[in-house]
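Remarks on the structure that follows.
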Amino acid sequence: MTEKAQIAIADQEDESHHPTSFVSKYIWSQDHKVIAIQYAITAVVVGLVALVLSGLMRLQLGFPDQFSFIDPSAYLQFVTMHGMIMVIYLLTALLLGGFGNYLIPLMIGSRDMVFPYLNMLSYWTYLLSVIVLMASFFVSGGPTGAGWTLYPPQAILPGTPGADLGIIYMLASLAIFIIAFTMGGLNYVTTILQARTKGMTLMRMPLTIWGIFVATILGLLAFPALLVSAIMMAFDKLIGTSFFMPAILSLGESVEYSGGSPILFQHLFWFFGHPEVYIVALPAFGMVSDVIATHARKNIFGYRMMVWAIVAIGGLSFVVWAHHMYVSAMNPYFGFFFATTTLIIAIPTAIKVYNWVLTLWQGNIRLTTPMLFAIGFIFTFTHGGLTGLMLGNVVVDLPLSDTYFVVAHFHMVMGVSPVMVLFAAIYHWFPKVSGKFLHSGLGKFHFWGTFLGTYAIYLPMHYLGFLGVPRRYYAMGETDFIPASAQTLNAGITVSAIIVGLIQLVFIINVIWSLCKGKKAGNNPWQATTLEWQTPKTPPEHGNWGDKLPEVHRWAYDYSVPNVEADFIPQTVAEVDIVKSEYSGQGENS
Amino acid sequence: MSFLKEIMKKPWLASESMTAMTNQSVSVHQQSEIRWPEKTALYFFLSVVTVLFLLFTITYLSRSQATDFQALAGETWLPLNDTKQLWINTFYLLVAGGALQLAVFNSTTKRINLLLILLILSSTFTAVFIFGQIAVWQQLSAQGYFIATNPANSFYYLLTGLHGLHLLGGVFALLYVIKRFYNHTEVTVLRASLSLCTTYWHYLFIMWLFLFALLTASTETYRTIALFCGF
């Protein structure tokens with residue numbers, strides 16, 4: 001960092017715009033904490049819609065032809081909207097818009113984001129994108145049913161559900177979301193680079209911030225690919241250009257398009273799509289690292305290696321995209337290249353998994369609810385990662401492509417795993433956000449139900465994939481190579497899915513109950529070292545730090561330091577104060 | 001390199017910890033002339049815009065290899081073989097950027113009127129550039145080169161349109177700066193804002209030169225580049 005950049009390191013005066021009215025405090029708020037909660041609530045609500053859609057899909061798959069309102073078109077629309085909402089509007093928005101907004105200023109010792117107004121604008125633009133997306137449920141023809149990948153030519157041709165208006169709403173919503181993300185993302189990276197408090201060097205930042213930082217850079221560089229493909233597809237649909245549309249017959253008639261390349265769209269989509277996996281995964285990696293270190297009372301194993309791994313994964317994620325396209329008849333040498341890069345990216349990822357496990361090794365593990373979810377994540381992520389290695393190889397991918405094996409893989413690695421971290425993070429940081437603990441018993445019930453339930457859903461799906469059961473099909477019909485027992489398995493998966501879905505209600509009840517009657521948490525209930533737990537008040541007030549910004553004297557993982565009385569040393573404690581300081585908290589020791 | 005140096009540190013070692021603190025305490029209370037967060041954000045934003053145009057360029061080169069592609073230049077009868085109007089537009093944008101640069105140079109002086117004239121000059125020439133681009137669109141469509149007729153046309157309208165939209169966004173930012181100028185904002189703040197606008201204008205000027213070269217190349221040029229890139 002240059003000296004000039006150092007100058008701007010946030011010795012910000014508390015000059016901030018203290019909101020007075022209800023509207024400026026909770027609606028048009030520029031406070032990063034309120035914006036974070038706005039992002040989180042919107043994302044969770046829209047995520048619940050996607051959860052219900054998945055339940056409807058499972059009802060059809062488990063018990064075909066029992067539900068008259070689920071016809072083939074509706075099924076495809078449920079699939080599409082479920083996928084898109086979960087990946088973009090829930091996971092990306094909640095991890096970066098929600099946790100990014102809440103944690104960045106608090107963890108780096110800043111009063112707020114560097115551009116609070118832009119931050120507010122980012123949320124309202126995001127909300128607009130969600131409204132446009134939800135509006136597509138109510139337009140003529142309903143939402144698009146083109147699959148979350150929106151591949152042309154079928155996405156905009158008659159015969160695909162929502163090919164008239166639904167797809168336009170989807171493309172418009174994505175474009176608006178990308179604008180919102182860019183506004184937010186510029187804020188996150190600039191704040192991390194320029195608004196760190198005194199003493200908070202890059203290598204003293206908690207891994208949560210590193211994960212969010214690199215993921216945001218990935219998002220800023222990868223989302224343009226989605227924007228480019230959305231703009232060009234909208235042109236093809238609305239103006240009649242032929243960027244992606246070839247000359248083909250549609251419903252027996254020649255289309256007016258010619259010469260376009262659907263493969264070009266796939267390249268663009270996956271140039272965004274694969275980094276998107278890491279846009280979701282990297283913040284999750286960071287947060288789980290902090291949860292594990294705190295609840296195992298150990299410094300994170302190989303901190304520097306963890307940082308490098310995050311950076312390396314970020315870089316490599318841009319050169320693996322075509323492993324999603326092995327069946328697109330690509331040049332075999334390309335296939336070889338992308339299989340190789342896919343295997344290489346497994347190295348830094350594996351390093352991270354080993355380091356989490358080694359952090360746990362001989363730790364003073366407290367099996368709190370966040371810790372349970374964090375450990376659950378290590379299982380589900382390793383599981384999903386290993387099947388990813390299988391699918392990364394061309395010869396294995398070809399027969400398994402478009403089967404339930406793929407569905408099982410990406411749900412384990414990119415669905416269940418980030419969600420496990422999200423829950424770990426919510427249980428971990430809820431006491432800071434609200435000042436109260438979430439109920440431990442309900443939380444543990446929630447964990448075990450979710451953890452075991454997701455295995456009950458996705459383990460059998462691998463087997464269905466090996467049988468050759470294709471994904472995205474409304475019904476199997478009479479298929480010789482698929483035994484009747486596969487249907488029994490499907491019914492079992494559906495029952496499990498509905499149970500897991502219902503268990504999430506326990507979580508919502510827990511949040512509401514705890515907000516009203518939860519046990520008071522205090523400032524630092526987990527006895528954690530990072531800055532967000534050192535605020536003068538909990539929940540932190542506007543401006544976060546009262547009169548004086550904190551000063552950082554050490555890295556974020558001084559747990560169980562030898563010859564020190566307390567088993568943790570907050571980042572704000574200077575070397576000279578260690579011996580005489582006693583930091584015993586009132587944490588949940590279970 | 002400083003980033004690499006930074007991530008080589010081992011802050012958990014007591015010796016490095018002390019060094020970091022000493023370095024930090026030197027400059028923290030000094031006043032910065034340039035508003036660095038905005039500058040950092042602008043550079044990141046320009047990276048995003050670069051990726052956006054780079055991806056369009058790659059799709060363009062890829063699409064140019066299809067048999068139905070007909071370049072807009074390279075043969076005498078093609079509309080963009082004569083690039084006179086585009087060069088004139090280029091000149092307008094150059095003047096707009098130049099005026100902004102002059103405004104930055106003069107922003108430390110007390111010659112308020114000169115500053116105001118330069119800012120208005122820049123906004124006007126930017127607007128003229130945008131109208132000039134629209135005039136080229138009209139010439140193209142008058143000759144039957146509509147947006148959906150050929151992929152080269154589609155890309156021409158799309159890329160010049162996007163470039164124009166980015167400039168238009170810049171004009172709004174510049175108008176905001178002029179408003180602050182009227183509100184007697186502090187000179188250092190004004191200078192920083194102007195400096196950011198200038199960077200943006202210069203960037204969009206270079207981007208326009210790139211697009212100019214790309215969109216007026218011949219079919220053979222595209223083929224050569226595509227072969228070179230492995231399409």
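Identifiers in the structure tokens: chain A, B, ... in order shown; residue index from 1 per chain; ligand index from 1 in order shown.
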Exercise for the section: Give me every alpha helix (DSSP H) residue in region 155-325 of chain A, going by DSSP on the backbone, as a PyMOL selection string. Expected result: chain A and resi 166-194+207-238+262-296+303-316
Practice task
Extract, using only C-alpha atoms, all DNA, RNA and protein residues at most 8 Å from region 369-373 of chain A, discarding same-chain residues fewer than 4 positions from it, and format them as a list in words.
Solution key: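 Counting only C-alpha atoms, the residues come to Val291, Ile292, His295, Phe377, Met420, Val421, Phe423, Ala424, Ala425, Ile426, Tyr427, His428, Ser440, Gly443, Lys444 and Phe447 of chain A.
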Practice task
Compile the contact shell of Thr294 (chain A) as a count of residues only: residues with an atom at most 10 Å away, counting only C-alpha atoms, same-chain residues fewer than 5 positions apart removed.
Solution key: 19
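Nearest residue to Ala41 (chain B) among B:Ala127, B:Leu78, B:Leu168, B:Leu196 is B:Leu196, counting only C-alpha atoms.
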Exercise for the section: Write out as an MDAnalysis selection string the residues lying within 9 Å of Trp137 (chain B), counting only C-alpha atoms and excluding same-chain residues fewer than 6 positions away. Expected result: chainID B and resid 145:146 156:157
Practice task
Within 8 Å of Ala309 (chain A), counting only C-alpha atoms, which residues show up once you throw out same-chain ones fewer than 5 positions away? Write them as a ChimeraX atom specification, please.
Solution key: /A:348-349,351-352
Based on the selection just made, write N, CA and C atoms of those residues as a PDB file, in the first residue's frame.
ATOM      1  N   PRO A 348      -5.643 -25.463  -4.206  1.00  0.00           N
ATOM      2  CA  PRO A 348      -5.873 -24.488  -3.135  1.00  0.00           C
ATOM      3  C   PRO A 348      -7.149 -24.770  -2.344  1.00  0.00           C
ATOM      4  N   THR A 349      -8.147 -25.336  -3.022  1.00  0.00           N
ATOM      5  CA  THR A 349      -9.391 -25.649  -2.312  1.00  0.00           C
ATOM      6  C   THR A 349      -9.137 -26.730  -1.271  1.00  0.00           C
ATOM      7  N   ILE A 351      -6.321 -27.356   0.140  1.00  0.00           N
ATOM      8  CA  ILE A 351      -5.506 -26.760   1.210  1.00  0.00           C
ATOM      9  C   ILE A 351      -6.422 -26.146   2.263  1.00  0.00           C
ATOM     10  N   LYS A 352      -7.459 -25.491   1.790  1.00  0.00           N
ATOM     11  CA  LYS A 352      -8.363 -24.846   2.744  1.00  0.00           C
ATOM     12  C   LYS A 352      -9.065 -25.884   3.617  1.00  0.00           C
TER      13      LYS A 352
END
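Considering only C-alpha atoms, the residue among B:Val177, B:Leu55, B:Ile130, B:Val187 positioned nearest to Leu100 (chain B) is B:Val177.
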Handout entry: Close residues, Phe125 (chain B) itself excluded, 6 Å, only C-alpha atoms, min 3 positions apart in chain, as number ranges by chain
Key = B: 92, 96, 122, 128
File dump, residues just selected, C-alpha atoms, as an mmCIF file, in the first residue's frame:
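The resulting result-v2.cif:
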data_model
loop_
_atom_site.group_PDB
_atom_site.id
_atom_site.type_symbol
_atom_site.label_atom_id
_atom_site.label_comp_id
_atom_site.auth_asym_id
_atom_site.auth_seq_id
_atom_site.Cartn_x
_atom_site.Cartn_y
_atom_site.Cartn_z
ATOM 1 C CA TYR B 92 -14.992 16.538 -30.695
ATOM 2 C CA ALA B 96 -13.919 17.646 -24.636
ATOM 3 C CA SER B 122 -16.232 20.035 -22.329
ATOM 4 C CA VAL B 128 -21.762 17.183 -29.903
#
Problem - Pick from B:Tyr200, B:Trp208, B:Tyr176, B:Phe228, whichever lies nearest to Gln133 (chain B) using only C-alpha atoms - result: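 Using only C-alpha atoms, Gln133 (chain B) sits closest to B:Trp208.
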Exercise for the section: To one decimal in Å, tell me the separation between CA of Ser141 (chain B) and CA of Ser154 (chain B). Expected result: 11.5 Å
